[in-house]
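Report on the following structure.
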Amino acid sequence: MRQRILIALSLIAALLLARNLYVILLQLPDDKLQKAVFRIIFFHVPDAWTAFLCFFAAMVASILYLTTKHLRYDAFAVAATEVGLAFGVANLVTGMIWGHRIWGTAWAWDARLTSMLIGCLLYAGYLMLRHAIEDPTERAKNSAVLSIIAFADVPIIFFSIKWWRQMQHPTPVVWGGGSMSPEYWRMLFLNWIPVLLLAAVFLAIRMRQEVEQRELEALRRRAHAL
Amino acid sequence: MSFFRQALTVAAKDLRSELRTKEALNSSVAFALVILLLFGFAFEPTEEQTRQIAGGLLWLVFAFAGALILNRSFARELANDCLDALVAAPLSGAALFLGKALANFVLLLAVELISLPVFGVFYDVNWTRQLGPLMLVVLLATWGLTVVGTLFSALTVNLRLRELMLPMLVYPVMVPALLAAIQLTSPLVMGAPLDAGLLLWLRLLTAFDIIFTALTLVLVETLLVR
Amino acid sequence: MKAVEAAGIWKFYGDFPALREVSFGVQAGSCLALLGRNGAGKTTLWSILAGLSRPGRGLARILGGDPRDQRTRARVGVLGHGVGVYDELSALENLEVFGRLYRLPGARRRALAWLERTGLERVRDARVREFSRGMRQRLALARAFLHEPALLLLDEPFTSLDDRAVALLQSLVREAITAGRTVVLSTHQLPEALELATHVALLVRGRLAYAGKRDSEMLRDPGWLYRQYGEA
């Protein structure tokens with residue numbers, strides 16, 4: 001049953017993506033100010049929104065784990081963090097591709113990209129911490145605390161980097177600011193749907209894998225004890 | 001009030017213990033001075049360049065040297081299972097944490113107050129011209145780094161690669177505080193008064209301190225009980 | 001009211017149960033010897049009772065209260081595998097620190113008295129780092145008994161004690177029991193421990209296999225319990 005739902009969601013996502021790609025590549029006119037490569041924004045921005053949502057969900061799951069001690073929430077937290085990190089990296093890569101085309105340089109310390117980079121470092125740290133702790137209950141507890149601290153820091157990081165760049169470059173870097181046509185805005189939200197669906201599918205798969213991994217570990221321990 | 005008395009007992013114990021061996025303090029001061037020397041040697045900054053990089057240099061030095069102190073903080077409790085004896089004692093995790101944070105604060109401050117005159121000599125800077133505001137920034141930023149760093153010391157205390165994991169995990173979290181400290185310190189250390197545009201960073205630093213002091217005091221109990 | 005009550009305690013490492021459905025009670029004024037092989041769960045149970053970890057399921061009640069409650073912890077003395085004293089501080093400083101953390105009035109006076117009791121008054125200002133192993137253990141005993149706790153939780157306290165420390169520990173435990181206090185000590189069936197015990201409990205792979213009075217049969221043949229209850 002669960003398998004069927006996941007396959008159905010993946011198919012819907014694939015169909016939506018195909019349809020969107022057709023519109024993006026063939027139907028939408030070029031943006032007035034940017035070049036054709038600007039179309040990458042339809043993946044670049046939803047990736048960021050998805051990553052942010054995943055990190056938020058991970059924080060909520062972490063709080064729920066700490067209050068209820070059900071390891072299911074821990075499995076959700078790590079799955080959400082990994083998926084969020086994947087989309088965060090996708091956001092960085094698409095941003096760098098676009099930056100290279102438009103500015104000639106892959107990395108220009110754009111405020112949003114820089115914040116995302118630090119966010120990715122934070123959550124890569126979360127995964128490193130998990131790898132370093134063997135006991136599953138300690139792992140769940142300690143990474144839950146880290147997840148909460150990380151997400152509390154995310155808005156502070158975002159604003160501090162934004163103000164830092166504003167002070168250095170008072171004129172805003174044109175990067176998908178409010179000057180987009182309404183068709184672009186619509187496609188932006190429209191493309192978020194398949195991205196979110198994919199994220200949900202990946203999350204579900206990863207969560208199941210985490211739960212099974214834990215069961216295996218427990219069985220192994222039991223076998224050793226005998 | 002016994003909360004604060006117990007916190008002070010822990011702080012005094014940590015400080016007395018550290019001052020007897022001076023392990024962390026010596027290595028931290030030595031590290032800070034060596035980086036300051038090497039940097040001056042490697043880049044030979046002119047006065048104008050020093051004006052631009054002073055804040056960044058100083059706070060990177062403090063952050064790196066600080067990691068040595070923070071690492072020792074909870075690690076010193078591992079010998080003889082003293083951490084168990086402390087957690088079993090009738091003091092709250094928050095009191096234990098606060099005591100350690102206070103001790104770390106004093107030690108890190110000592111490293112900074114030793115480094116500043118050395119910086120003044122190597123880089124030919126009269127750093128005392130805005131002493132009052134500079135000290136305010138140093139106190140606020142040091143508390144921010146200390147409170148977050150002490151929590152991560154507790155988080156990583158049982159890990160094998162603790163000395164590596166603690167810096168890797170904590171530096172991304174510290175970015176907003178470091179950024180604010182750097183923006184404020186550069187002008188102040190070169191004798192320029194704070195202009196109104198920089199007050200934003202002072203507010204950010206204060207907000208960071210308040211948010212993370214509260215968050216860490218709440219979360220530390222979870223980390224200490226298995 | 002029982003001094004220690006465990007009701008259906010489970011402790012998990014991930015999905016693996018280190019303690020399963022452990023339920024028992026310890027009357028005030030008795031001395032319980034907790035037996036079990038390595039890995040049976042003695043230290044895990046000890047840390048739950050000492051307030052160092054929380055049970056995954058079930059309830060532990062210490063002196064009528066939650067083990068994590070500060071008021072409860074103030075009346076419990078704890079000794080684990082490590083001695084729990086600071087190498088860089090002197091014997092006296094160590095006891096003063098813990099005296100203050102336990103909110104004892106006249107902490108210094110109490111510390112000096114216990115240094116005498118444990119035969120460490122001559123080295124009271126020497127750093128623990130210079131102590132012999134036996135001296136450290138005696139200081140650890142002073143730390144655990146300093147606040148005259150109503151309940152003592154000792155995890156394998158006889159392990160590698162020198163004869164002077166063994167004698168001291170035995171006299172402290174006997175004194176405590178006579179005064180109506182309670183002692184729970186986990187042990188590897190050492191005769192010294194079984195001698196002191198009034199009751200015995202055996203943990204086998206996380207389960208409580210036996211709990212009852214300590215009889216002379218056990219004293220004569222400590223391995224009997226293990227053979228009887230499934231551990232060959």
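Chain labels follow the order of the structure tokens: the first chain is A, the next B, and so on; residue numbering restarts at 1 in every chain, and ligands are counted from 1 in their shown order.
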Output the contact residues of chain B with respect to chain A at a cut-off of 7 Å, based on only C-alpha atoms, as an mmCIF file with N, CA and C atoms, in the first residue's frame.
data_model
loop_
_atom_site.group_PDB
_atom_site.id
_atom_site.type_symbol
_atom_site.label_atom_id
_atom_site.label_comp_id
_atom_site.auth_asym_id
_atom_site.auth_seq_id
_atom_site.Cartn_x
_atom_site.Cartn_y
_atom_site.Cartn_z
ATOM 1 N N LEU B 155 27.979 18.499 23.992
ATOM 2 C CA LEU B 155 27.435 17.665 22.915
ATOM 3 C C LEU B 155 28.474 16.679 22.394
ATOM 4 N N LEU B 159 32.608 11.875 22.100
ATOM 5 C CA LEU B 159 32.995 11.456 20.758
ATOM 6 C C LEU B 159 34.491 11.189 20.677
ATOM 7 N N MET B 168 34.311 21.896 13.971
ATOM 8 C CA MET B 168 33.548 21.757 12.728
ATOM 9 C C MET B 168 32.073 22.022 12.941
ATOM 10 N N LEU B 169 31.553 21.591 14.086
ATOM 11 C CA LEU B 169 30.134 21.774 14.340
ATOM 12 C C LEU B 169 29.812 23.185 14.786
ATOM 13 N N PRO B 172 29.979 27.103 12.148
ATOM 14 C CA PRO B 172 28.829 27.630 11.388
ATOM 15 C C PRO B 172 27.788 28.286 12.289
ATOM 16 N N VAL B 173 27.587 27.708 13.475
ATOM 17 C CA VAL B 173 26.594 28.283 14.393
ATOM 18 C C VAL B 173 27.041 29.667 14.851
ATOM 19 N N VAL B 175 28.674 31.900 13.215
ATOM 20 C CA VAL B 175 28.863 32.887 12.136
ATOM 21 C C VAL B 175 28.222 34.248 12.413
ATOM 22 N N PRO B 176 26.937 34.318 12.829
ATOM 23 C CA PRO B 176 26.351 35.651 13.050
ATOM 24 C C PRO B 176 27.097 36.440 14.128
ATOM 25 N N LEU B 219 18.291 23.342 26.887
ATOM 26 C CA LEU B 219 18.599 22.069 26.230
ATOM 27 C C LEU B 219 19.661 21.231 26.922
ATOM 28 N N LEU B 223 21.069 16.830 27.287
ATOM 29 C CA LEU B 223 22.337 16.258 26.855
ATOM 30 C C LEU B 223 23.024 15.487 27.964
ATOM 31 N N ARG B 226 21.507 10.419 30.179
ATOM 32 C CA ARG B 226 21.534 9.464 29.057
ATOM 33 C C ARG B 226 20.152 8.888 28.746
#
TODO: Please identify all polymer residues within 12 Å of segment 111-117 of chain C, counting only C-alpha atoms, omitting same-chain residues fewer than 6 positions from it, and present them as an MDAnalysis selection string.
DONE: chainID C and resid 90:100 104:105 123:125 135:136 138:148 165 168:169 171:172
Q.
Based on only C-alpha atoms, which of the residues in chain A come within 12 Å of chain C? I want them as a PyMOL selection string.
A. chain A and resi 68-72+74-75+133-141+210-226
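Selected on chain C by distance to chain B: Ala50, Gly51, Leu52, Ser53, Arg54, Gln70, Arg71, Arg73, Ala74, Gly82, Val83, Gly84, Val85, Glu88, Leu89, Val97, Leu101 and Tyr102 of chain C (within 7 Å, counting only C-alpha atoms).
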Create the file for the chosen residues now, containing N, CA and C atoms and written as a tab-separated table (two decimals), in the first residue's frame.
chain	number	residue	atom	x	y	z
C	50	ALA	N	20.64	6.00	39.90
C	50	ALA	CA	21.44	7.14	40.33
C	50	ALA	C	20.99	8.44	39.67
C	51	GLY	N	20.04	8.37	38.76
C	51	GLY	CA	19.58	9.57	38.08
C	51	GLY	C	20.47	9.98	36.93
C	52	LEU	N	21.36	9.08	36.48
C	52	LEU	CA	22.26	9.42	35.38
C	52	LEU	C	21.64	9.11	34.03
C	53	SER	N	20.63	8.24	34.01
C	53	SER	CA	19.93	7.99	32.76
C	53	SER	C	18.47	7.73	33.08
C	54	ARG	N	17.65	7.83	32.05
C	54	ARG	CA	16.21	7.63	32.26
C	54	ARG	C	15.79	6.29	31.69
C	70	GLN	N	15.92	16.88	42.35
C	70	GLN	CA	17.08	17.35	43.13
C	70	GLN	C	16.98	16.99	44.59
C	71	ARG	N	15.77	17.03	45.14
C	71	ARG	CA	15.63	16.71	46.56
C	71	ARG	C	15.99	15.25	46.81
C	73	ARG	N	18.13	13.47	44.88
C	73	ARG	CA	19.56	13.31	44.67
C	73	ARG	C	20.38	13.80	45.86
C	74	ALA	N	19.84	14.76	46.58
C	74	ALA	CA	20.57	15.27	47.75
C	74	ALA	C	20.69	14.22	48.84
C	82	GLY	N	34.45	4.93	38.06
C	82	GLY	CA	35.48	5.93	38.26
C	82	GLY	C	35.33	6.52	39.66
C	83	VAL	N	36.42	7.06	40.18
C	83	VAL	CA	36.37	7.53	41.57
C	83	VAL	C	35.61	8.85	41.72
C	84	GLY	N	35.46	9.60	40.63
C	84	GLY	CA	34.67	10.82	40.73
C	84	GLY	C	35.31	11.91	41.56
C	85	VAL	N	36.62	11.99	41.55
C	85	VAL	CA	37.30	13.09	42.22
C	85	VAL	C	38.30	13.72	41.24
C	88	GLU	N	43.36	17.44	39.84
C	88	GLU	CA	44.10	18.69	40.04
C	88	GLU	C	43.77	19.40	41.35
C	89	LEU	N	42.74	18.93	42.03
C	89	LEU	CA	42.40	19.55	43.30
C	89	LEU	C	42.94	18.70	44.44
C	97	VAL	N	34.14	21.04	47.36
C	97	VAL	CA	33.33	21.27	46.16
C	97	VAL	C	32.04	20.46	46.23
C	101	LEU	N	28.12	21.59	46.53
C	101	LEU	CA	27.11	21.20	45.55
C	101	LEU	C	25.95	20.48	46.22
C	102	TYR	N	26.25	19.73	47.31
C	102	TYR	CA	25.19	19.07	48.04
C	102	TYR	C	24.56	19.98	49.08
Test item: residues at most 9 Å from Trp107 of chain A, only C-alpha atoms, excluding those fewer than 5 positions along its chain, as a PyMOL selection string: chain A and resi 95-96+99-100+113
Kindly save the residues from that selection, with N, CA and C atoms included, as a JSON list (two decimals), in the first residue's frame.
[["chain", "number", "residue", "atom", "x", "y", "z"],
["A", 95, "GLY", "N", 22.53, 27.89, -8.43],
["A", 95, "GLY", "CA", 22.92, 29.28, -8.24],
["A", 95, "GLY", "C", 24.29, 29.57, -8.84],
["A", 96, "MET", "N", 25.20, 28.65, -8.67],
["A", 96, "MET", "CA", 26.56, 28.85, -9.19],
["A", 96, "MET", "C", 26.58, 28.76, -10.72],
["A", 99, "GLY", "N", 25.18, 32.01, -11.81],
["A", 99, "GLY", "CA", 26.14, 33.06, -11.52],
["A", 99, "GLY", "C", 27.29, 33.07, -12.52],
["A", 100, "HIS", "N", 27.74, 31.86, -12.84],
["A", 100, "HIS", "CA", 28.85, 31.77, -13.79],
["A", 100, "HIS", "C", 28.45, 32.34, -15.15],
["A", 113, "LEU", "N", 22.83, 32.89, -1.34],
["A", 113, "LEU", "CA", 23.64, 31.70, -1.56],
["A", 113, "LEU", "C", 24.59, 31.46, -0.39]]
Any chance you could list, as a PyMOL selection string, the residues in segment 41-226 of chain B that come up helix (DSSP H, G or I) when DSSP is run on the backbone? chain B and resi 41-43+47-75+79-88+93-122+131-156+162-189+196-224
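Atom CA of Gly99 of chain B is found 21.2 Å from atom CA of Asn26 of chain B.
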